[in-house]
Amino acid sequence: MTKLNARIPEGPLAEKWTSYKAGQKLVNPANKRKLDIIVVGTGLAGASAAASLGELGFNVKAFCYQDSPRRAHSIAAQGGINAAKNYPNDGDSVYRLYYDTIKGGDYRAREANVYRLAEVSGSIIDQCVAQGVPFAREYGGLLDNRSFGGAQVSRTFYARGQTGQQLLLGAYSAMMRQVNAGTVKLFPRTEMLDIVLVEGKARGIITRNLVTGKIERHFGHAVVIATGGYGRAFYLSTNAMGSNGSAVWQVYKRGALFANPSFVQIHPTCIPVHGDYQSKLTLMSESLRNDGRIWVPKKKEDVEALSEGRIVPKDIAEDDRDYYLERRYPAFGNLVPRDVASRAAKERCDAGFGVGSGLAVYLDFQESIQRLGKHVIEERYGNLFQMYEKIVDENPYETPMMIYPAIHYCMGGVWVDYELMTTIPGLFSLGECNFSDHGANRLGASALMQGLADGYFILPYTIQNYLASEILTPRMPTTLPEFGEAESHIRERLDKLMQIKGSQSVDQIHRKFGLLLWELVGMARNKEGLNKAVKEFAMLREEFWKDVRIPGGAEEMNPELEKAARVADFIETGELMARDALQREESCGGHFREEYQTPEGEASRNDDDFMFVAAWEYTGTGKEPVLHKEALHYESIKVQTRNYKI
Amino acid sequence: MDFTLKIWRQENASAKGRFETYKVTGISSDCSFLEMLDILNQQLIDKFEIPVCFDHDCREGICGACSLYINGRPHGPDSAVTACQLHMRKFKDGDTIIVEPWRARPFPVIKDLVVDRSSFDRIIEAGGYVSINTGGVPDANTIPIPRANAETAMDAAACIGCGACVAACKNASAMLFVAAKVSQFAMLPQGRVEAKERVMRMVAKMDELGFGNCTNTGACEAECPKQISLSHIARLNREYLSARVL
Ligand SMILES: Cc1cc2nc3c(=O)[nH]c(=O)nc-3n(C[C@H](O)[C@H](O)[C@H](O)COP(=O)(O)OP(=O)(O)OC[C@H]3O[C@@H](n4cnc5c(N)ncnc54)[C@H](O)[C@@H]3O)c2cc1C
Ligand code: SF4
Ligand code: FES
């Protein structure tokens, strides 16, 4: 197990990061200019890293598949970003944010990384304000905070319902300033298709120009991937259409370990599926649960009458409504963490109490409107209500919203050590595509915090500790055989895809696969289903490679080809997700194994046997991967069972 | 619902484009416009024809990727939404719908309905930022900002960079887009420091890239999916004039 050394600095938890920085190696300014860094991804993590590295004087090349870096999927985040500023004076602290994150992650995250995250969180807000991010403010002119996702303190900063957009535009602007300064070179509409290793170290990438189809080689002394999550594997998710897990999958195939692939987050408040033509699901911010009450009818007759249109929700008497979260979790009520809220919705729908298509529950604002007035609700959630009405064609001020859980976020990702370096030297991973901070369940408003922490305040330090030993490495020509090998590997793969000329479109196969993944490796998992998934996905992989149909050519703009390469990777990723879920014989966070639950249906964690990070090593397509375990230790927090009842 | 679609097809930047006519049938009124195009593309793939290319990503109105000129209007007939948020219930059964790319010289067509909007990135690159490095900044609450100013800044900052304003403008002016950025920073103390250089550089870049002049027709505001107000253009003009005077 020599492979996994998290390289956590010695010393007390609260001093680790300070002592790391004091002892790490740095690169002097004259040498920075001689070093090239490739950053794949321009979301919060990638853009903040590219900007910061450029400012330090490194030569940065930044890649994204969209036409502009400003469109990375971070743009879609609505709710907010956490930071332990304690501005409201309500008892927050670095320790409390760390504590909540570890507990929320169900004790499956790495303590030292999480503590550091909480420690730098305050600087993120300072940085963003200095950039001109228009956060919400109080009448006195100071920053406003709200409570989010059931936190007992108000530590969430926000910019209306567009926090991700504003933070991303801040990072994008900082990066564009470096483009202007000449330290960052942009490659939009460019997709990374493989990583190049020279003598075991990451030294470059192979890309495809999405406009011309041209395959290109790029050298870097180090490579950073910040390519986001793989939630689109499920086909329907809250992720963008182009979100993918391909960069992660490529580096996995080249030797980086993939940690906790089965840890995905299912968000409880999304607009339900309304038709089989549907292409994606829309998130309704979690903040709605602060004022909305979730319920389904108590009586089956009412469920029937609703579905036949004989009654409307308003006709159901208060006593005939089952506010099941308030009933099951009196202490937290509608504000229980996401995993708990999602499972409870599924439980009610599976029991036959779902509304709408049967796979939906009500999120009702009547009580809040009566208590606070319509204008208050409008001020708080106006844009969300409007968005809901545009999509569903129903007015949520009058009739309750319908919601259902959907895939939203991936806690799993590339295994990284304390320095955010993967098991491939010189390859770093940031943001959602690494695994490190959220354990088995992520708390609301923590992904934005993590992405920016990684990019602004962690990687710019830790990458220097690696690059300090690379100052004598000259730029390598991309004519090296290693680049040639990687390029021909890619060319063969694309040729093969183009030549299949089968009968099913990429979307048809993806949809089929997504449904299976949702059913077998979704909100509730069991041994039988997971074994079936491993087999089915292997079959589907073969079906895909025999029967997919990609019109057009490879040397032109061809979205079908782009999708095909991503879906091929998703299917293989699904197989690994199933294996990981199978291996983890416990329920924790977003991972719920039906065999491991308490008599009341709550998750039953097994710390004796599973308090580890499962990091998988690739051994060949269709071959069983090797499991490495990183044991987790908690020095500064007592490991407890999560309890949201009392 | 059934529709006849007349869609602009163009193989690549140098090819000559043309309209092609397609029929789609049995479309649900709850279907989004882009989902309707997905259905069309599936039909084309079934026939081994080349699907229609269009930009899209988030499909919830925030990334600014989608850029369809529908029946003569950027983002189509519904107001305050992007094309990806447009639903087929806004059309009548049997309608003929014309779909084109953004038409503006600084946005050349790449393929079918996809255009090159990198000129927007060039404008931001010229000055759409506050010139500070990571780290070493004051505490976030050091400078209180009147709430109303922060709200106005946010109104402007809501721009998604879609380019509908340019497509709507008979002069292909990018004034609304540029004004949104200039105005956001002009309203905040952090942005005031470089306000003059910023407005000069961004406007100069916009002109250099071939965007036209603003003649105050207001088509941009009417078509902007984020309802960015013309008042930001007024603010840009004030900023620009005062920068020139000094
Ligand atoms: C609808 C929604 C709402 C959310 N709300 C919140 C919230 O309120 N608070 C919160 O904390 N979190 C929220 N999240 C989660 C959070 O937004 C994401 O986890 C986070 O933004 C991810 O940032 P990232 O930088 O890691 O990746 P992304 O922003 O996804 O960026 C990925 C980048 O990688 C590029 N890329 C991907 N693959 C390739 C490739 N092969 N080649 C080249 N480039 C590639 C893309 O072009 C893009 O630039 C939300 C997520 C969603 C989907
Ligand atoms: S100002 Fe409006 S129309 Fe123009 S780019 Fe911004 S959001 Fe789009
Ligand atoms: S696809 Fe993102 S705004 Fe339309």
# chains A, B, ... in the order shown; residues from 1 in each chain; ligands from 1
call {"tool": "interface_residues", "arguments": {"of": "chain A", "to": "chain B", "cutoff": "6 Å", "atoms": "only C-alpha atoms", "output": "PyMOL selection string"}}
result
chain A and resi 52+71+126+129-132+134+137+139+141-142+173+176-177+180+240-242+551-552
call {"tool": "residues_near_ligand", "arguments": {"ligand": "ligand 2", "cutoff": "9 Å", "atoms": "only C-alpha atoms and all ligand atoms", "output": "PyMOL selection string"}}
result
chain B and resi 64+74+82+120+156-168+174-180+220-229
call {"tool": "write_last_selection", "arguments": {"atoms": "N, CA and C atoms", "output": "compact mmCIF listing (two decimals), in the first residue's frame"}}
result
# COMPACT_ATOMS: atom_id res chain seq x y z
N GLY B 64 -25.15 31.38 -20.94
CA GLY B 64 -25.06 32.29 -22.08
C GLY B 64 -24.63 31.62 -23.36
N PRO B 74 -33.83 37.49 -31.20
CA PRO B 74 -32.83 36.74 -30.44
C PRO B 74 -33.51 36.05 -29.26
N THR B 82 -33.71 32.99 -22.12
CA THR B 82 -32.81 32.54 -23.18
C THR B 82 -33.52 31.48 -24.00
N PHE B 120 -16.13 38.98 -27.43
CA PHE B 120 -16.56 39.40 -26.08
C PHE B 120 -15.43 39.16 -25.06
N ALA B 156 -26.36 44.90 -13.15
CA ALA B 156 -25.50 44.94 -14.33
C ALA B 156 -24.70 43.65 -14.48
N ALA B 157 -24.24 43.14 -13.33
CA ALA B 157 -23.37 41.96 -13.36
C ALA B 157 -24.11 40.72 -13.81
N ALA B 158 -25.45 40.79 -13.87
CA ALA B 158 -26.24 39.61 -14.24
C ALA B 158 -26.09 39.25 -15.72
N CYS B 159 -25.44 40.09 -16.49
CA CYS B 159 -25.23 39.82 -17.93
C CYS B 159 -24.58 38.45 -18.12
N ILE B 160 -25.10 37.66 -19.04
CA ILE B 160 -24.56 36.31 -19.27
C ILE B 160 -23.67 36.24 -20.51
N GLY B 161 -23.42 37.37 -21.12
CA GLY B 161 -22.50 37.36 -22.27
C GLY B 161 -22.99 36.56 -23.46
N CYS B 162 -24.31 36.59 -23.66
CA CYS B 162 -24.87 35.75 -24.73
C CYS B 162 -24.73 36.39 -26.11
N GLY B 163 -24.75 37.73 -26.14
CA GLY B 163 -24.62 38.42 -27.43
C GLY B 163 -25.94 38.75 -28.09
N ALA B 164 -27.06 38.50 -27.42
CA ALA B 164 -28.36 38.80 -28.01
C ALA B 164 -28.48 40.29 -28.32
N CYS B 165 -27.86 41.11 -27.45
CA CYS B 165 -27.93 42.56 -27.65
C CYS B 165 -27.29 42.94 -28.99
N VAL B 166 -26.18 42.30 -29.32
CA VAL B 166 -25.50 42.59 -30.58
C VAL B 166 -26.36 42.09 -31.74
N ALA B 167 -26.92 40.91 -31.58
CA ALA B 167 -27.73 40.34 -32.65
C ALA B 167 -29.00 41.16 -32.89
N ALA B 168 -29.49 41.78 -31.82
CA ALA B 168 -30.73 42.56 -31.96
C ALA B 168 -30.47 43.93 -32.57
N ALA B 174 -22.08 46.56 -29.36
CA ALA B 174 -21.95 45.74 -28.15
C ALA B 174 -22.09 46.62 -26.91
N MET B 175 -22.72 47.78 -27.08
CA MET B 175 -22.79 48.74 -25.98
C MET B 175 -23.42 48.18 -24.71
N LEU B 176 -24.50 47.41 -24.84
CA LEU B 176 -25.17 46.95 -23.63
C LEU B 176 -24.25 46.00 -22.85
N PHE B 177 -23.60 45.11 -23.59
CA PHE B 177 -22.67 44.18 -22.95
C PHE B 177 -21.53 44.94 -22.26
N VAL B 178 -20.92 45.87 -22.96
CA VAL B 178 -19.80 46.62 -22.38
C VAL B 178 -20.29 47.47 -21.22
N ALA B 179 -21.45 48.09 -21.40
CA ALA B 179 -21.98 48.96 -20.35
C ALA B 179 -22.26 48.17 -19.09
N ALA B 180 -22.74 46.95 -19.25
CA ALA B 180 -23.04 46.14 -18.07
C ALA B 180 -21.79 45.97 -17.22
N CYS B 220 -31.60 46.30 -27.94
CA CYS B 220 -30.80 45.43 -27.08
C CYS B 220 -31.53 45.17 -25.77
N GLU B 221 -31.99 46.25 -25.14
CA GLU B 221 -32.66 46.10 -23.85
C GLU B 221 -33.91 45.23 -24.00
N ALA B 222 -34.63 45.44 -25.10
CA ALA B 222 -35.87 44.69 -25.31
C ALA B 222 -35.61 43.20 -25.46
N GLU B 223 -34.47 42.84 -26.04
CA GLU B 223 -34.21 41.42 -26.29
C GLU B 223 -33.30 40.78 -25.25
N CYS B 224 -32.73 41.56 -24.37
CA CYS B 224 -31.77 40.99 -23.40
C CYS B 224 -32.49 40.02 -22.47
N PRO B 225 -32.04 38.77 -22.41
CA PRO B 225 -32.71 37.80 -21.55
C PRO B 225 -32.57 38.13 -20.07
N LYS B 226 -31.60 38.93 -19.72
CA LYS B 226 -31.39 39.28 -18.30
C LYS B 226 -31.89 40.68 -17.99
N GLN B 227 -32.62 41.26 -18.93
CA GLN B 227 -33.22 42.58 -18.74
C GLN B 227 -32.21 43.63 -18.27
N ILE B 228 -31.03 43.60 -18.84
CA ILE B 228 -30.03 44.62 -18.54
C ILE B 228 -30.57 45.95 -19.08
N SER B 229 -30.57 46.96 -18.22
CA SER B 229 -31.27 48.21 -18.57
C SER B 229 -30.38 49.17 -19.36
call {"tool": "atom_distance", "arguments": {"atom1": "atom CA of A:Ile38", "atom2": "atom CA of A:Ile424"}}
result
14.7 Å
call {"tool": "closest_atom_pairs", "arguments": {"of": "chain A", "to": "ligand 3", "cutoff": "12 Å", "atoms": "only C-alpha atoms and all ligand atoms", "output": "JSON lines"}}
result
{"residue": "A:Gln66", "atom": "CA", "partner": "ligand 3", "partner_atom_place_in_ligand_line": "2 (Fe)", "distance": 10.6}
{"residue": "A:Asp67", "atom": "CA", "partner": "ligand 3", "partner_atom_place_in_ligand_line": "2 (Fe)", "distance": 11.7}
{"residue": "A:Ser68", "atom": "CA", "partner": "ligand 3", "partner_atom_place_in_ligand_line": "2 (Fe)", "distance": 11.9}
{"residue": "A:Arg70", "atom": "CA", "partner": "ligand 3", "partner_atom_place_in_ligand_line": "2 (Fe)", "distance": 11.1}
{"residue": "A:Arg71", "atom": "CA", "partner": "ligand 3", "partner_atom_place_in_ligand_line": "2 (Fe)", "distance": 7.8}
{"residue": "A:Ala72", "atom": "CA", "partner": "ligand 3", "partner_atom_place_in_ligand_line": "2 (Fe)", "distance": 9.8}
{"residue": "A:His73", "atom": "CA", "partner": "ligand 3", "partner_atom_place_in_ligand_line": "2 (Fe)", "distance": 9.1}
{"residue": "A:Ser74", "atom": "CA", "partner": "ligand 3", "partner_atom_place_in_ligand_line": "2 (Fe)", "distance": 11.6}
{"residue": "A:Ile75", "atom": "CA", "partner": "ligand 3", "partner_atom_place_in_ligand_line": "2 (Fe)", "distance": 9.2}
{"residue": "A:Ala76", "atom": "CA", "partner": "ligand 3", "partner_atom_place_in_ligand_line": "2 (Fe)", "distance": 8.6}
{"residue": "A:Gln165", "atom": "CA", "partner": "ligand 3", "partner_atom_place_in_ligand_line": "2 (Fe)", "distance": 11.6}
{"residue": "A:Asn239", "atom": "CA", "partner": "ligand 3", "partner_atom_place_in_ligand_line": "2 (Fe)", "distance": 11.0}
{"residue": "A:Ala240", "atom": "CA", "partner": "ligand 3", "partner_atom_place_in_ligand_line": "2 (Fe)", "distance": 8.0}
{"residue": "A:Met241", "atom": "CA", "partner": "ligand 3", "partner_atom_place_in_ligand_line": "1 (S)", "distance": 8.4}
{"residue": "A:Gly242", "atom": "CA", "partner": "ligand 3", "partner_atom_place_in_ligand_line": "1 (S)", "distance": 10.2}
{"residue": "A:Ser279", "atom": "CA", "partner": "ligand 3", "partner_atom_place_in_ligand_line": "1 (S)", "distance": 11.4}
{"residue": "A:Lys280", "atom": "CA", "partner": "ligand 3", "partner_atom_place_in_ligand_line": "1 (S)", "distance": 10.9}
{"residue": "A:Thr282", "atom": "CA", "partner": "ligand 3", "partner_atom_place_in_ligand_line": "2 (Fe)", "distance": 11.8}
call {"tool": "residues_around", "arguments": {"residues": "A:Gly382", "least_positions_apart": "2", "cutoff": "12 Å", "atoms": "only C-alpha atoms", "output": "ChimeraX atom specification"}}
result
/A:160-161,284-285,288,374-380,384-389,395-397
call {"tool": "select_by_dssp", "arguments": {"residues": "stretch 284-501 of chain A", "states": "strand (DSSP E)", "output": "number ranges by chain"}}
result
A: 293-297, 321-322, 361-364, 401-410, 413-414, 427-429
call {"tool": "select_by_dssp", "arguments": {"residues": "stretch 394-537 of chain A", "states": "alpha helix (DSSP H)", "output": "number ranges by chain"}}
result
A: 447-452, 459-467, 481-500, 506-521, 527-537
call {"tool": "closest_residue", "arguments": {"among": "A:Leu363, A:Ala614, A:Val392, A:Ala447", "to": "ligand 1", "atoms": "only C-alpha atoms and all ligand atoms"}}
result
A:Ala447
call {"tool": "atom_distance", "arguments": {"atom1": "atom 52 (C, counted along the ligand's line) of ligand 1", "atom2": "atom CA of A:Leu193"}}
result
24.1 Å
call {"tool": "closest_residue", "arguments": {"among": "A:Arg327, A:Arg189, A:His591, A:Lys61", "to": "A:Asn441", "atoms": "only C-alpha atoms"}}
result
A:His591
call {"tool": "residues_around", "arguments": {"residues": "stretch 90-104 of chain A", "least_positions_apart": "6", "cutoff": "6 Å", "atoms": "only C-alpha atoms", "output": "VMD selection string"}}
result
chain A and resid 84 114 to 115 118 to 119
call {"tool": "residues_around", "arguments": {"residues": "stretch 611-613 of chain A", "least_positions_apart": "6", "cutoff": "8 Å", "atoms": "only C-alpha atoms", "output": "PyMOL selection string"}}
result
chain A and resi 107-109+259-260+629-632
call {"tool": "write_last_selection", "arguments": {"atoms": "N, CA and C atoms", "output": "compact mmCIF listing (two decimals), in the first residue's frame"}}
result
# COMPACT_ATOMS: atom_id res chain seq x y z
N TYR A 107 -18.04 11.55 8.18
CA TYR A 107 -16.75 11.03 8.62
C TYR A 107 -16.05 10.17 7.56
N ARG A 108 -16.12 10.69 6.33
CA ARG A 108 -15.40 9.98 5.27
C ARG A 108 -14.49 10.95 4.50
N ALA A 109 -14.25 12.14 5.07
CA ALA A 109 -13.35 13.09 4.43
C ALA A 109 -12.04 13.16 5.21
N ALA A 259 -10.84 7.98 -6.37
CA ALA A 259 -11.29 7.76 -5.00
C ALA A 259 -12.80 7.85 -4.86
N ASN A 260 -13.36 6.94 -4.12
CA ASN A 260 -14.79 6.95 -3.76
C ASN A 260 -15.73 7.24 -4.93
N LYS A 629 -6.58 1.38 0.13
CA LYS A 629 -7.34 2.05 1.19
C LYS A 629 -6.50 3.09 1.90
N GLU A 630 -7.05 4.28 2.01
CA GLU A 630 -6.41 5.29 2.85
C GLU A 630 -7.23 5.38 4.13
N ALA A 631 -6.62 4.92 5.23
CA ALA A 631 -7.35 4.95 6.49
C ALA A 631 -7.55 6.39 6.93
N LEU A 632 -8.72 6.68 7.50
CA LEU A 632 -9.00 8.04 7.95
C LEU A 632 -8.85 8.10 9.47
call {"tool": "closest_residue", "arguments": {"among": "B:Ser173, B:Ser67, B:Asn237, B:Ser242", "to": "B:Val99", "atoms": "only C-alpha atoms"}}
result
B:Ser67
call {"tool": "closest_residue", "arguments": {"among": "A:Ala136, A:Leu517, A:Ala222, A:Ala77", "to": "ligand 1", "atoms": "only C-alpha atoms and all ligand atoms"}}
result
A:Ala77
call {"tool": "decode", "arguments": {"residues": "stretch 57-75 of chain B", "atoms": "N, CA, C and O atoms", "output": "CSV table (one decimal), in the first residue's frame"}}
result
chain,number,residue,atom,x,y,z
B,57,ASP,N,-25.3,24.7,-23.2
B,57,ASP,CA,-24.6,23.9,-22.2
B,57,ASP,C,-25.5,23.8,-20.9
B,57,ASP,O,-26.0,22.7,-20.6
B,58,CYS,N,-25.7,24.9,-20.2
B,58,CYS,CA,-26.4,24.8,-18.9
B,58,CYS,C,-27.9,24.4,-19.1
B,58,CYS,O,-28.5,23.8,-18.3
B,59,ARG,N,-28.5,24.9,-20.2
B,59,ARG,CA,-29.9,24.7,-20.4
B,59,ARG,C,-30.8,25.2,-19.3
B,59,ARG,O,-31.8,24.7,-19.0
B,60,GLU,N,-30.3,26.2,-18.6
B,60,GLU,CA,-31.1,26.9,-17.6
B,60,GLU,C,-30.9,28.4,-17.5
B,60,GLU,O,-31.2,29.0,-16.5
B,61,GLY,N,-30.5,28.9,-18.7
B,61,GLY,CA,-30.5,30.4,-18.8
B,61,GLY,C,-29.4,31.1,-18.1
B,61,GLY,O,-29.5,32.3,-17.9
B,62,ILE,N,-28.3,30.5,-17.8
B,62,ILE,CA,-27.2,31.2,-17.1
B,62,ILE,C,-25.9,31.2,-17.7
B,62,ILE,O,-25.1,32.1,-17.5
B,63,CYS,N,-25.6,30.2,-18.5
B,63,CYS,CA,-24.2,30.1,-19.1
B,63,CYS,C,-24.0,31.1,-20.3
B,63,CYS,O,-22.9,31.5,-20.6
B,64,GLY,N,-25.1,31.4,-20.9
B,64,GLY,CA,-25.1,32.3,-22.1
B,64,GLY,C,-24.6,31.6,-23.4
B,64,GLY,O,-24.3,32.3,-24.4
B,65,ALA,N,-24.6,30.3,-23.4
B,65,ALA,CA,-24.1,29.6,-24.6
B,65,ALA,C,-25.1,29.7,-25.7
B,65,ALA,O,-24.8,29.9,-26.9
B,66,CYS,N,-26.4,29.4,-25.4
B,66,CYS,CA,-27.4,29.3,-26.5
B,66,CYS,C,-27.6,30.6,-27.1
B,66,CYS,O,-27.6,31.7,-26.5
B,67,SER,N,-27.8,30.6,-28.4
B,67,SER,CA,-27.7,31.8,-29.2
B,67,SER,C,-28.5,31.6,-30.5
B,67,SER,O,-28.0,31.5,-31.5
B,68,LEU,N,-29.8,31.5,-30.3
B,68,LEU,CA,-30.6,31.2,-31.5
B,68,LEU,C,-31.5,32.5,-31.8
B,68,LEU,O,-32.1,33.1,-31.0
B,69,TYR,N,-31.6,32.7,-33.1
B,69,TYR,CA,-32.4,33.9,-33.6
B,69,TYR,C,-33.7,33.2,-34.2
B,69,TYR,O,-33.6,32.6,-35.2
B,70,ILE,N,-34.7,33.3,-33.4
B,70,ILE,CA,-35.9,32.6,-33.7
B,70,ILE,C,-37.1,33.5,-34.2
B,70,ILE,O,-37.4,34.4,-33.4
B,71,ASN,N,-37.6,33.2,-35.3
B,71,ASN,CA,-38.6,34.1,-35.9
B,71,ASN,C,-38.2,35.6,-35.8
B,71,ASN,O,-39.0,36.4,-35.4
B,72,GLY,N,-37.0,35.8,-36.1
B,72,GLY,CA,-36.6,37.2,-36.2
B,72,GLY,C,-36.3,37.9,-34.8
B,72,GLY,O,-36.1,39.1,-34.8
B,73,ARG,N,-36.2,37.1,-33.8
B,73,ARG,CA,-35.9,37.6,-32.5
B,73,ARG,C,-34.8,36.8,-31.8
B,73,ARG,O,-35.0,35.6,-31.7
B,74,PRO,N,-33.8,37.5,-31.2
B,74,PRO,CA,-32.8,36.7,-30.4
B,74,PRO,C,-33.5,36.0,-29.3
B,74,PRO,O,-34.3,36.7,-28.5
B,75,HIS,N,-33.3,34.8,-29.1
B,75,HIS,CA,-33.9,34.0,-28.0
B,75,HIS,C,-35.4,33.8,-28.2
B,75,HIS,O,-36.0,33.2,-27.3
